[in-house]
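The structure appears below as structure tokens.
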Number of protein chains: 2
Amino acid sequence: MIPCDIIIKADHILTMNDGLDVIQNGAIAVMSGKIIALGGEDLILREYSAGKVIGGNGTVAFPGLVNAHTHSPMVYFRGLEDDLPLKVWLEEHIWPAEEKWLSPQFVSDAAELACIEMLKAGITAFCDMYFYGDEIARAVRKTGMRAVVCSGIVDFPGKTGGSADDYLKNAESFINNWKDDDFVTPGVAPHAPYTCSPETLIKSKTLADKYSLPLHLHLSETQWEVGEVKKRYGKTPVSLLEDIGVLDDRVIAAHCVWPTEQEIAILARRRVGVVHCMESNLKLASGIAPVVSMLKAGCRVSLGTDGAASNNDLDILSEMATAAKVHKAVSSDPTVLNARQAMLMATRVGAETLGLGGASGSLEAGKSADIVIADLKGPHMVPLYDIYSHIVYSMNRSDISTVIINGRVLMEDRRLTSADEAEIINRAASWGRKIRSDRQ
Amino acid sequence: MIPCDIIIKADHILTMNDGLDVIQNGAIAVMSGKIIALGGEDLILREYSAGKVIGGNGTVAFPGLVNAHTHSPMVYFRGLEDDLPLKVWLEEHIWPAEEKWLSPQFVSDAAELACIEMLKAGITAFCDMYFYGDEIARAVRKTGMRAVVCSGIVDFPGKTGGSADDYLKNAESFINNWKDDDFVTPGVAPHAPYTCSPETLIKSKTLADKYSLPLHLHLSETQWEVGEVKKRYGKTPVSLLEDIGVLDDRVIAAHCVWPTEQEIAILARRRVGVVHCMESNLKLASGIAPVVSMLKAGCRVSLGTDGAASNNDLDILSEMATAAKVHKAVSSDPTVLNARQAMLMATRVGAETLGLGGASGSLEAGKSADIVIADLKGPHMVPLYDIYSHIVYSMNRSDISTVIINGRVLMEDRRLTSADEAEIINRAASWGRKIRSDRQ
């Protein structure tokens, strides 16, 4: 018998490997943070022994979900204002609230709430764009998650800088603080082609390239953006980025709602990580991204929640369901974006987009043990005919029972082991009261 | 002190009355199944006393949700096949499965599963269309729910009849069995204008009118249906029904995805209960109903899940979120279908559609105590700025903690009191194994 740290048992193990193998009545042996073996339960239990055995009958195990675009601290503005035109919402509510409240303490507290919200929804890795990166990175480490934390860059003054060069300087010092961390990948986040000049975009990419790190930005999110960029530079956003040479496979581009056909071909050719944020795009009425066309063109498309101010939660299971359904209707074709494809987008493709594909995103021997176990016993989960369909179309975030990152059990039976949930929630409620009373 | 049965306390009570009053730190006194008083907690506790006090800090109370269109027993075909063209899905999978498996026992067991799935999602009333109505009605009574159970009618032979007249005869005997029940309203359900001739539709309406009961049908669900009806009768579906005189305020019309502008005006004028089934319409690629136009025209629009075979769950909270978001994007207007409107559709308008508006659908003194209590303490539920937005955009069915129908506590702290959840789920799993093995 080979001793290991944990054995996970499940009725179904979705490996999300190249062959999309599903192991029935399977088990996974985990040792020193890594998957050392997986296969039929009988086989694994014959060869491996562990002090801790989790999962069991009525469960499914799959790779941790990846939220490839969010602004984690914005959970504190969840539902601050809704159902408003984008311009009013941003300029009269969100930006003034950020101007008023942003501080290292705010960001630190808010990011911690975001991390536990995501953990409880089976998300093991996320890509963030905000300010005060050190605070976010510390929240990631504190809660045991993985993240690409990208330092925000804009051309106008804000709480953390007076000019693009200030933000770039902040970004580089943030990179130096975290570049050797095992769980946090620092990144550079020029906000968007309408808030960053081509010069700033190029400087941001140069900085990211200097350290071989991701560049994260909003791209072609609204028709307004497309018009504005065209007015300023004579070209549409993706073409602009292509022409100034910033597109490659380390670029993580959120939204991509309005690319032209030519631009879709560019995104595919450059292997850009396109992040589809279905629910945010719907709620802000930004539009419906041409995901089916992008997938057909060979684009790498993952899923993101965007910030909780515009969603209003951090729930990739729900993004899968919404995306899989909406694209069927807008394509008039119920066969597009099927359950397997949605799961791939939310797991392996997400991990690849974040640059974590080598270590994560699928359950295979040698990869990191970033594993979610979900319960199949609720009344909305029976009978079961197809496990992918069940996860995408029927499962709820509260069905996620156990979350493991790098072999560490961060949630078991919905109880967090790495964070004091009650305290984090009380802190959030207390910030909420302050913010609310200030607005009245 | 006035004695009563139950006092419910909550941080927020959404009355969903005409003024959409929200009571902060409120309480509701319930006696003999009815709300006898509601108001500020201090006030209610000063005047009323009860052996049972539920709810409390960190909760919200609102009227039970209404699922205005479903085929409850189809939960047993949940995820049987997905991501297929409608014709293949129906003709090669769903209809053969029904042909093979339908029986009184199947329907009875399946309807019970549907009822507890709905209860656990905060649904207190639903409108059903299927066969073996007695079995469904008994499941409704057994689990303590309310429902309009409509007896299916088609022009072709099936398990429960050889002709439309057979189904009509079944429907009338079903009506006579249940017409005096306090919780089950029997109804007549001619399937659709493409499966029922005008003659059958008229006979169905005559039967419903004889007992002043609802008529429930599918209407203008797909472009195919519109084309087919036009080919056969020279008019589109809603116009056909108008011309044969079956439309009025006791008609519950599911889907209405493809009405013309003129037909929208007819639906409004006749006060037809239009049931929007967003997730099913998306998943089957039927299209996106012109809900914003229908609301603008004054149509009464409620929400339905459709059967779980095409959704794949019975979750009105999720229908609210999806509908509120999708219509913003397709209208290019983030102000449409706001959170309050979505909540109205899911509660009061739903109850009115089912003919239960006098007794249910809002929390007001004298109405039946059909009340849901939900938890606001999850990490995805803080901070809180707007309670409607929270319920529509952030809440999850698992946040529903307590469900009360007619003053009877059917779920408390997510534990069902009226049904043996484990047994119902085991039975469902066992049927699932039989159905699955038969298909292999």
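Residues are named by chain letter and number: chains run A, B, ... in the order of the structure tokens, numbers start at 1 in each chain, and ligands are numbered from 1 in the order shown.
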Mind checking which residues fall within 9 Å of A:Ala164, counting only C-alpha atoms, ignoring those fewer than 3 positions away in the same chain, and posting them as a compact mmCIF listing (two decimals) with all heavy atoms, in the first residue's frame?
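Output saved as out.txt:
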```txt
# COMPACT_ATOMS: atom_id res chain seq x y z
N ILE A 153 -4.61 49.85 -14.43
CA ILE A 153 -3.93 51.00 -15.04
C ILE A 153 -4.94 51.79 -15.87
O ILE A 153 -5.66 51.22 -16.69
CB ILE A 153 -2.76 50.52 -15.92
CG1 ILE A 153 -1.65 49.97 -15.02
CG2 ILE A 153 -2.22 51.66 -16.81
CD1 ILE A 153 -0.66 49.11 -15.72
N VAL A 154 -5.02 53.10 -15.61
CA VAL A 154 -5.86 53.98 -16.43
C VAL A 154 -5.08 55.27 -16.68
O VAL A 154 -4.06 55.52 -16.04
CB VAL A 154 -7.20 54.33 -15.72
CG1 VAL A 154 -8.18 53.17 -15.76
CG2 VAL A 154 -6.96 54.79 -14.29
N ASP A 155 -5.59 56.07 -17.61
CA ASP A 155 -4.89 57.31 -17.95
C ASP A 155 -5.29 58.49 -17.07
O ASP A 155 -4.78 59.59 -17.25
CB ASP A 155 -5.15 57.67 -19.42
CG ASP A 155 -4.22 56.90 -20.36
OD1 ASP A 155 -3.16 56.42 -19.89
OD2 ASP A 155 -4.56 56.75 -21.56
N PHE A 156 -6.21 58.28 -16.16
CA PHE A 156 -6.66 59.42 -15.34
C PHE A 156 -6.33 59.17 -13.87
O PHE A 156 -6.12 58.03 -13.45
CB PHE A 156 -8.16 59.68 -15.53
CG PHE A 156 -9.02 58.46 -15.48
CD1 PHE A 156 -9.47 57.95 -14.28
CD2 PHE A 156 -9.39 57.80 -16.68
CE1 PHE A 156 -10.27 56.82 -14.24
CE2 PHE A 156 -10.19 56.66 -16.63
CZ PHE A 156 -10.63 56.17 -15.41
N PRO A 157 -6.30 60.25 -13.09
CA PRO A 157 -5.91 60.08 -11.68
C PRO A 157 -6.99 59.37 -10.87
O PRO A 157 -8.17 59.45 -11.18
CB PRO A 157 -5.72 61.52 -11.17
CG PRO A 157 -6.37 62.42 -12.17
CD PRO A 157 -6.56 61.67 -13.45
N GLY A 161 -3.02 56.57 -7.90
CA GLY A 161 -2.04 57.17 -8.80
C GLY A 161 -2.58 58.40 -9.48
O GLY A 161 -3.80 58.61 -9.54
N TYR A 167 0.50 54.36 -12.14
CA TYR A 167 -0.11 53.02 -12.06
C TYR A 167 0.87 51.95 -12.55
O TYR A 167 0.93 50.85 -12.01
CB TYR A 167 -1.39 52.95 -12.89
CG TYR A 167 -2.51 53.84 -12.42
CD1 TYR A 167 -2.87 54.98 -13.14
CD2 TYR A 167 -3.23 53.55 -11.26
CE1 TYR A 167 -3.91 55.80 -12.73
CE2 TYR A 167 -4.27 54.37 -10.83
CZ TYR A 167 -4.61 55.50 -11.57
OH TYR A 167 -5.64 56.30 -11.16
N LEU A 168 1.62 52.30 -13.59
CA LEU A 168 2.60 51.34 -14.12
C LEU A 168 3.68 51.06 -13.08
O LEU A 168 4.13 49.92 -12.91
CB LEU A 168 3.21 51.87 -15.42
CG LEU A 168 2.31 51.73 -16.66
CD1 LEU A 168 2.72 52.72 -17.76
CD2 LEU A 168 2.36 50.29 -17.19
N LYS A 169 4.10 52.12 -12.38
CA LYS A 169 5.11 51.95 -11.33
C LYS A 169 4.55 51.05 -10.22
O LYS A 169 5.21 50.13 -9.76
CB LYS A 169 5.52 53.33 -10.78
CG LYS A 169 7.01 53.39 -10.43
CD LYS A 169 7.39 54.72 -9.76
CE LYS A 169 7.17 55.92 -10.68
NZ LYS A 169 7.15 57.22 -9.94
N CYS A 196 -7.32 53.81 -21.67
CA CYS A 196 -5.86 53.77 -21.77
C CYS A 196 -5.48 54.12 -23.21
O CYS A 196 -6.02 53.50 -24.15
CB CYS A 196 -5.32 52.38 -21.46
SG CYS A 196 -5.58 51.87 -19.75
N THR A 200 -0.15 53.83 -23.40
CA THR A 200 -0.29 53.14 -22.11
C THR A 200 -0.47 51.64 -22.31
O THR A 200 0.10 50.83 -21.57
CB THR A 200 -1.50 53.71 -21.34
OG1 THR A 200 -1.30 55.12 -21.16
CG2 THR A 200 -1.67 53.06 -19.99
```
Using only C-alpha atoms, which chain B residues lie at most 7 Å away from chain A, written as an MDAnalysis selection string? chainID B and resid 76 78:80 83:85 113 116:117 279 282:288 311:313 325:326 328:329 332:335 338 379:380 382:386 389:390 393:394 398 425 428:429 432 436
Would you mind writing down, as a short mmCIF file (atom, residue, chain, number, x, y, z; two decimals) with C-alpha atoms, in the first residue's frame, each residue of stretch 355-434 of chain B that DSSP on the backbone assigns to alpha helix (DSSP H)?
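Dumped to result-v7.cif:
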```cif
data_model
loop_
_atom_site.label_atom_id
_atom_site.label_comp_id
_atom_site.auth_asym_id
_atom_site.auth_seq_id
_atom_site.Cartn_x
_atom_site.Cartn_y
_atom_site.Cartn_z
CA ILE B 387 -33.78 43.82 -0.99
CA TYR B 388 -35.57 43.26 -4.32
CA SER B 389 -32.29 43.30 -6.21
CA GLU B 421 -37.39 13.68 1.33
CA ALA B 422 -34.95 10.77 1.45
CA GLU B 423 -37.58 8.26 0.46
CA ILE B 424 -38.89 10.37 -2.41
CA ILE B 425 -35.35 10.85 -3.71
CA ASN B 426 -34.51 7.16 -3.41
CA ARG B 427 -37.63 6.31 -5.35
CA ALA B 428 -36.65 8.79 -8.06
CA ALA B 429 -33.15 7.38 -8.27
CA SER B 430 -34.57 3.89 -8.56
CA TRP B 431 -36.93 4.89 -11.42
CA GLY B 432 -33.94 6.63 -13.00
CA ARG B 433 -31.90 3.43 -12.95
CA LYS B 434 -34.72 1.51 -14.63
#
```
What's the 9 Å shell around B:Ser360, counting only C-alpha atoms, without same-chain residues fewer than 6 positions away, as number ranges by chain? B: 63-64, 347-348, 351-352, 367-370
List the neighbours of B:Thr222 out to 7 Å using only C-alpha atoms; skip same-chain residues closer than 3 positions along the sequence, and give me the result as a PDB file with N, CA, C and O atoms, in the first residue's frame.
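Final output, saved to out36.pdb:
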```pdb
ATOM      1  N   GLU B 225     -44.581  26.207 -34.964  1.00  0.00           N
ATOM      2  CA  GLU B 225     -46.003  26.176 -34.609  1.00  0.00           C
ATOM      3  C   GLU B 225     -46.783  27.264 -35.353  1.00  0.00           C
ATOM      4  O   GLU B 225     -47.872  27.009 -35.896  1.00  0.00           O
ATOM      5  N   VAL B 226     -46.220  28.465 -35.377  1.00  0.00           N
ATOM      6  CA  VAL B 226     -46.903  29.579 -36.036  1.00  0.00           C
ATOM      7  C   VAL B 226     -47.122  29.238 -37.509  1.00  0.00           C
ATOM      8  O   VAL B 226     -48.230  29.396 -38.047  1.00  0.00           O
ATOM      9  N   VAL B 257     -44.119  33.053 -27.352  1.00  0.00           N
ATOM     10  CA  VAL B 257     -42.818  33.546 -27.824  1.00  0.00           C
ATOM     11  C   VAL B 257     -42.965  34.340 -29.116  1.00  0.00           C
ATOM     12  O   VAL B 257     -42.227  35.285 -29.361  1.00  0.00           O
ATOM     13  N   TRP B 258     -43.942  33.982 -29.946  1.00  0.00           N
ATOM     14  CA  TRP B 258     -44.013  34.561 -31.286  1.00  0.00           C
ATOM     15  C   TRP B 258     -45.324  35.272 -31.620  1.00  0.00           C
ATOM     16  O   TRP B 258     -45.768  35.229 -32.766  1.00  0.00           O
ATOM     17  N   SER B 286     -36.264  27.994 -28.704  1.00  0.00           N
ATOM     18  CA  SER B 286     -37.572  28.385 -29.247  1.00  0.00           C
ATOM     19  C   SER B 286     -37.608  29.865 -29.591  1.00  0.00           C
ATOM     20  O   SER B 286     -38.370  30.289 -30.458  1.00  0.00           O
TER      21      SER B 286
END
```
Backbone-only DSSP, strand (DSSP E or B) members of stretch 95-312 of chain A, as a VMD selection string: chain A and resid 123 to 130 146 to 153 158 161 184 to 190 215 to 219 251 to 255 273 to 276 300 to 303
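When atom CA of A:Asp42 is paired with atom CA of A:Gly26, their separation reads 7.9 Å.
Residues within 10 Å of B:Ser197, counting only C-alpha atoms and excluding same-chain residues fewer than 5 positions away, are Val154, Asp155, Ala164, Pro190, Ala192, Ile202, Lys203, Val229, Arg232 and Tyr233 of chain B.
Look at B:Ala125: the protein and nucleic acid residues within 6 Å of it, using only C-alpha atoms and passing over chain neighbours fewer than 4 places away, are Val66, Arg146 and Ala147 of chain B.
In terms of minimum interatomic distance to B:Arg138, B:Val184 ranks closest within B:Val184, B:Ala253, B:Leu207, B:Ile94, counting only C-alpha atoms.
The closest residue to A:Leu303, picked from A:Ser362, A:Thr124, A:Thr353, A:Ser418 and counting only C-alpha atoms, is A:Thr353.
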Need the shell around A:Met294: protein/DNA/RNA residues with any atom at most 12 Å away, counting only C-alpha atoms. Skip same-chain ones fewer than 2 positions apart. Format as JSON, numbers by chain? {"A": [255, 256, 257, 258, 259, 260, 261, 262, 263, 264, 265, 266, 267, 268, 269, 271, 272, 273, 274, 275, 276, 289, 290, 291, 292, 296, 297, 298, 299, 300, 301, 302, 327, 337]}
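Pairwise distance (atom CA of B:Met411, atom CA of B:Gly55) equals 12.1 Å.
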Choose the residue, out of A:Leu201, A:Leu215, A:Ile23, A:Val149, that has the smallest atom-to-atom separation from A:Asn177; count only C-alpha atoms. A:Val149
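Reported to one decimal place, the separation of atom CA of B:Pro73 from atom CA of B:Gln223 is 26.5 Å.
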